[in-house]
There are 2 protein chains.
Amino acid sequence: MKRNTWQREAVTTALAAQDAFVSAQQLHSVLRAEGTGIGLATVYRALADMAVGGRADSLQSAEGEALYRACTPGEHHHHLICRSCGQAEEIEAVEIEQWAKSIAASHGYAKPEHVVYVFGECPACTAAALI
Amino acid sequence: MKRNTWQREAVTTALAAQDAFVSAQQLHSVLRAEGTGIGLATVYRALADMAVGGRADSLQSAEGEALYRACTPGEHHHHLICRSCGQAEEIEAVEIEQWAKSIAASHGYAKPEHVVYVFGECPACTAAALI
DNA sequence: GATGATGTTGACAATCATTATCATTAAGAA
DNA sequence: TTCTTAATGATAATGATTGTCAACATCATC
């Protein structure tokens with residue numbers, strides 16, 4: 001059965017402390033900097049588990065790197081992401097749900113799912129760009 | 001200046017012949033099978049050029065592989081993609097455009113862009129699954 | 001049509017994120 | 001405390017993608 005290790009705990013905590021999408025490598029650096037001797041493979045495993053368990057959302061950066069962010073479990077949601085700092089917030093998209101269903105149906109596609117990301121420049125980055 | 005080579009031409013043609021999202025490696029195999037001696041790096045370069053030039057759309061597969069598909073240039077559009085065969089069609093999402101803009105604005109995010117993918121099982125695959 | 005500058009190609013090496021391996025460690029049930 | 005076995009971590013392996021660079025081919029110009 002599943003076991004609780006301080007490593008899983010540490011990854012969960014470290015990810016929750018971020019409000020941006022971060023890579024496994026970044027999180028590993030953070031955890032190492034905190035003095036833990038956690039292994040890189042373990043961070044990858046923990047993040048993958050969180051993603052399949054719905055405790056984290058993931059997306060691919062433009063460079064193809066996998067990025068993760070802690071999320072509200074069990075709830076269908078999307079993200080508004082800052083293009084420059086990675087900061088992200090969950091957003092609701094009630095209108096989209098229905099739209100996706102109907103567009104899939106109108107083309108004869110079954111079992112529709114959808115992915116929506118809105119990118120932009122967050123207030124902090126917009127302000128910083130003006131300096 | 002940009003030059004026209006049979007390699008670029010071949011990649012463009014081969015991609016246009018597909019109505020599914022395909023990887024650079026797959027396209028390379030197809031081109032090799034056609035008897036051309038085109039190099040893998042060249043296929044990657046051609047696809048990257050098409051993507052930045054708006055002549056192709058790209059997305060990352062679940063495995064992190066980059067997939068490409070020829071698209072209508074200059075026109076903002078999204079895709080309805082078959083989860084099992086990769087087959088894809090362009091879809092309009094007028095409602096989404098406005099929604100994305102307003103949700104970004106309401107959170108103070110500037111220069112909004114958005115990405116929308118609807119996945120499903122295409123009619124052909126749905127039919128095949130019943131056999 | 002020939003020429004020359006230079007953008008392009010292709011074989012192969014290099015990169016780098018991610019995964020597999022496997023001996024060792026440590027949860028947690030008994 | 002003991003034992004079963006899931007989890008860890010160091011490291012090797014994988015595999016897609018990119019960099020390198022000599023050889024080549026396009027196309028403006030002669």
# chains A, B, ... in the order shown; residues from 1 in each chain; ligands from 1

$ interface_residues --of "chain C" --to "chain B" --cutoff "12 Å" --atoms "only C-alpha atoms (C1' of nucleotides)" --output "PDB file with N, CA and C atoms (P, O5', C5', C4', C3', O3' and C1' of nucleotides), in the first residue's frame"
ATOM      1  P    DA C   5      32.138  35.974 -53.460  1.00  0.00           P
ATOM      2  O5'  DA C   5      30.965  36.351 -52.459  1.00  0.00           O
ATOM      3  C5'  DA C   5      30.013  37.357 -52.830  1.00  0.00           C
ATOM      4  C4'  DA C   5      28.714  37.131 -52.079  1.00  0.00           C
ATOM      5  C3'  DA C   5      28.905  36.842 -50.585  1.00  0.00           C
ATOM      6  O3'  DA C   5      27.874  37.518 -49.874  1.00  0.00           O
ATOM      7  C1'  DA C   5      27.770  35.035 -51.585  1.00  0.00           C
ATOM      8  P    DT C   6      27.803  37.418 -48.279  1.00  0.00           P
ATOM      9  O5'  DT C   6      26.792  36.210 -48.053  1.00  0.00           O
ATOM     10  C5'  DT C   6      25.457  36.284 -48.569  1.00  0.00           C
ATOM     11  C4'  DT C   6      24.736  34.991 -48.252  1.00  0.00           C
ATOM     12  C3'  DT C   6      24.938  34.507 -46.809  1.00  0.00           C
ATOM     13  O3'  DT C   6      23.722  33.902 -46.364  1.00  0.00           O
ATOM     14  C1'  DT C   6      25.446  32.808 -48.267  1.00  0.00           C
ATOM     15  P    DG C   7      22.799  34.604 -45.308  1.00  0.00           P
ATOM     16  O5'  DG C   7      21.513  33.667 -45.319  1.00  0.00           O
ATOM     17  C5'  DG C   7      20.594  33.773 -46.391  1.00  0.00           C
ATOM     18  C4'  DG C   7      20.094  32.400 -46.793  1.00  0.00           C
ATOM     19  C3'  DG C   7      19.535  31.579 -45.633  1.00  0.00           C
ATOM     20  O3'  DG C   7      18.391  30.865 -46.120  1.00  0.00           O
ATOM     21  C1'  DG C   7      21.295  30.384 -46.657  1.00  0.00           C
ATOM     22  P    DT C   8      17.652  29.788 -45.214  1.00  0.00           P
ATOM     23  O5'  DT C   8      18.369  28.423 -45.619  1.00  0.00           O
ATOM     24  C5'  DT C   8      18.301  27.995 -46.980  1.00  0.00           C
ATOM     25  C4'  DT C   8      18.667  26.530 -47.073  1.00  0.00           C
ATOM     26  C3'  DT C   8      18.119  25.635 -45.959  1.00  0.00           C
ATOM     27  O3'  DT C   8      17.497  24.508 -46.565  1.00  0.00           O
ATOM     28  C1'  DT C   8      20.465  25.316 -46.170  1.00  0.00           C
ATOM     29  P    DT C   9      16.876  23.346 -45.708  1.00  0.00           P
ATOM     30  O5'  DT C   9      17.981  22.228 -45.846  1.00  0.00           O
ATOM     31  C5'  DT C   9      18.428  21.871 -47.150  1.00  0.00           C
ATOM     32  C4'  DT C   9      19.538  20.855 -47.062  1.00  0.00           C
ATOM     33  C3'  DT C   9      19.228  19.647 -46.171  1.00  0.00           C
ATOM     34  O3'  DT C   9      19.471  18.453 -46.900  1.00  0.00           O
ATOM     35  C1'  DT C   9      21.337  20.615 -45.603  1.00  0.00           C
ATOM     36  P    DG C  10      18.721  17.104 -46.425  1.00  0.00           P
ATOM     37  O5'  DG C  10      19.928  16.383 -45.700  1.00  0.00           O
ATOM     38  C5'  DG C  10      21.087  16.071 -46.442  1.00  0.00           C
ATOM     39  C4'  DG C  10      22.140  15.511 -45.498  1.00  0.00           C
ATOM     40  C3'  DG C  10      21.608  14.491 -44.494  1.00  0.00           C
ATOM     41  O3'  DG C  10      22.634  13.526 -44.278  1.00  0.00           O
ATOM     42  C1'  DG C  10      22.598  16.250 -43.324  1.00  0.00           C
ATOM     43  P    DA C  11      22.272  12.004 -44.165  1.00  0.00           P
ATOM     44  O5'  DA C  11      23.503  11.496 -43.291  1.00  0.00           O
ATOM     45  C5'  DA C  11      24.828  11.771 -43.746  1.00  0.00           C
ATOM     46  C4'  DA C  11      25.743  12.004 -42.550  1.00  0.00           C
ATOM     47  C3'  DA C  11      25.550  11.000 -41.416  1.00  0.00           C
ATOM     48  O3'  DA C  11      26.824  10.498 -41.027  1.00  0.00           O
ATOM     49  C1'  DA C  11      25.419  13.215 -40.583  1.00  0.00           C
ATOM     50  P    DC C  12      26.908   9.333 -39.949  1.00  0.00           P
ATOM     51  O5'  DC C  12      27.282  10.142 -38.640  1.00  0.00           O
ATOM     52  C5'  DC C  12      28.241  11.200 -38.723  1.00  0.00           C
ATOM     53  C4'  DC C  12      28.247  11.997 -37.434  1.00  0.00           C
ATOM     54  C3'  DC C  12      28.002  11.153 -36.172  1.00  0.00           C
ATOM     55  O3'  DC C  12      28.971  11.544 -35.211  1.00  0.00           O
ATOM     56  C1'  DC C  12      26.597  13.021 -36.166  1.00  0.00           C
ATOM     57  P    DA C  17      17.266  20.271 -18.165  1.00  0.00           P
ATOM     58  O5'  DA C  17      15.809  19.659 -18.006  1.00  0.00           O
ATOM     59  C5'  DA C  17      14.856  19.909 -19.015  1.00  0.00           C
ATOM     60  C4'  DA C  17      14.046  18.674 -19.267  1.00  0.00           C
ATOM     61  C3'  DA C  17      13.367  18.100 -18.029  1.00  0.00           C
ATOM     62  O3'  DA C  17      12.026  17.774 -18.369  1.00  0.00           O
ATOM     63  C1'  DA C  17      14.703  16.429 -19.080  1.00  0.00           C
ATOM     64  P    DT C  18      10.997  17.357 -17.222  1.00  0.00           P
ATOM     65  O5'  DT C  18      11.091  15.769 -17.261  1.00  0.00           O
ATOM     66  C5'  DT C  18      10.774  15.116 -18.486  1.00  0.00           C
ATOM     67  C4'  DT C  18      11.146  13.656 -18.416  1.00  0.00           C
ATOM     68  C3'  DT C  18      10.608  12.899 -17.187  1.00  0.00           C
ATOM     69  O3'  DT C  18       9.708  11.896 -17.673  1.00  0.00           O
ATOM     70  C1'  DT C  18      12.853  12.294 -17.680  1.00  0.00           C
ATOM     71  P    DT C  19       9.001  10.881 -16.732  1.00  0.00           P
ATOM     72  O5'  DT C  19       9.929   9.590 -16.907  1.00  0.00           O
ATOM     73  C5'  DT C  19      10.207   9.127 -18.222  1.00  0.00           C
ATOM     74  C4'  DT C  19      11.005   7.849 -18.138  1.00  0.00           C
ATOM     75  C3'  DT C  19      10.487   6.833 -17.118  1.00  0.00           C
ATOM     76  O3'  DT C  19      10.484   5.560 -17.756  1.00  0.00           O
ATOM     77  C1'  DT C  19      12.773   7.302 -16.706  1.00  0.00           C
TER      78       DT C  19
END

$ select_by_dssp --residues "region 58-126 of chain A" --states "helix (DSSP H, G or I)" --output "list in words"
Val94, Glu95, Ile96, Glu97, Gln98, Trp99, Ala100, Lys101, Ser102, Ile103, Ala104, Ala105, Ser106, Pro123, Ala124, Cys125 and Thr126 of chain A

$ closest_atom_pairs --of "chain A" --to "chain B" --cutoff "10 Å" --atoms "only C-alpha atoms" --output "CSV"
residue,atom,partner,partner_atom,distance
A:Leu59,CA,B:Gln60,CA,9.4
A:Gln60,CA,B:Gln60,CA,7.3
A:Ser61,CA,B:Gln60,CA,9.5
A:Ala62,CA,B:Gln60,CA,9.3
A:Gly64,CA,B:Gly64,CA,6.4
A:Glu65,CA,B:Gly64,CA,8.1
A:Ala66,CA,B:Gly64,CA,8.0
A:Leu80,CA,B:Ala104,CA,7.2
A:Ile81,CA,B:Tyr109,CA,8.8
A:Cys82,CA,B:Tyr109,CA,7.6
A:Arg83,CA,B:Pro112,CA,9.3
A:Glu89,CA,B:His107,CA,9.2
A:Ile91,CA,B:Ile103,CA,8.1
A:Glu92,CA,B:Ile103,CA,9.1
A:Ala93,CA,B:Trp99,CA,8.6
A:Glu95,CA,B:Trp99,CA,8.5
A:Ile96,CA,B:Ile96,CA,7.2
A:Trp99,CA,B:Glu95,CA,8.5
A:Ala100,CA,B:Val118,CA,6.4
A:Lys101,CA,B:Val118,CA,8.7
A:Ile103,CA,B:Ile91,CA,8.1
A:Ala104,CA,B:Gly120,CA,7.0
A:Ala105,CA,B:Gly120,CA,9.4
A:His107,CA,B:Cys122,CA,8.1
A:Gly108,CA,B:Pro123,CA,5.6
A:Tyr109,CA,B:Cys122,CA,4.6
A:Ala110,CA,B:Glu121,CA,4.9
A:Lys111,CA,B:Gly120,CA,5.3
A:Pro112,CA,B:Gly120,CA,4.3
A:Glu113,CA,B:Phe119,CA,5.2
A:His114,CA,B:Val118,CA,4.2
A:Val115,CA,B:Tyr117,CA,5.1
A:Val116,CA,B:Val116,CA,4.5
A:Tyr117,CA,B:Val115,CA,5.2
A:Val118,CA,B:His114,CA,4.3
A:Phe119,CA,B:Glu113,CA,5.2
A:Gly120,CA,B:Pro112,CA,4.3
A:Glu121,CA,B:Ala110,CA,4.9
A:Cys122,CA,B:Tyr109,CA,4.6
A:Pro123,CA,B:Gly108,CA,5.6
A:Ala124,CA,B:Tyr109,CA,9.2
A:Cys125,CA,B:Tyr109,CA,9.2
A:Thr126,CA,B:Ala110,CA,7.1

$ interface_residues --of "chain D" --to "chain A" --cutoff "8 Å" --atoms "only C-alpha atoms (C1' of nucleotides)" --output "short mmCIF file (atom, residue, chain, number, x, y, z; two decimals) with C-alpha atoms (C1' of nucleotides), in the first residue's frame"
data_model
loop_
_atom_site.label_atom_id
_atom_site.label_comp_id
_atom_site.auth_asym_id
_atom_site.auth_seq_id
_atom_site.Cartn_x
_atom_site.Cartn_y
_atom_site.Cartn_z
"C1'" DA D 6 6.95 0.15 -0.97
"C1'" DA D 7 9.99 3.99 -1.40
"C1'" DT D 8 14.34 6.11 -1.94
"C1'" DG D 9 18.55 7.76 -4.26
#

$ select_by_dssp --residues "chain B" --states "strand (DSSP E or B)" --output "PyMOL selection string"
chain B and resi 20+22-23+56-60+66-70+78-82+87-91+110-121

$ atom_distance --atom1 "CA of His77 (chain B)" --atom2 "CA of Val22 (chain A)"
28.2 Å

$ atom_distance --atom1 "C1' of DA13 (chain D)" --atom2 "CA of Asp49 (chain A)"
22.4 Å

$ residues_around --residues "Ala48 (chain B)" --least-positions-apart "3" --cutoff "12 Å" --atoms "only C-alpha atoms (C1' of nucleotides)" --output "PyMOL selection string"
(chain B and resi 8+11-12+23-24+41-45+51-59+66-70) or (chain D and resi 17-18)
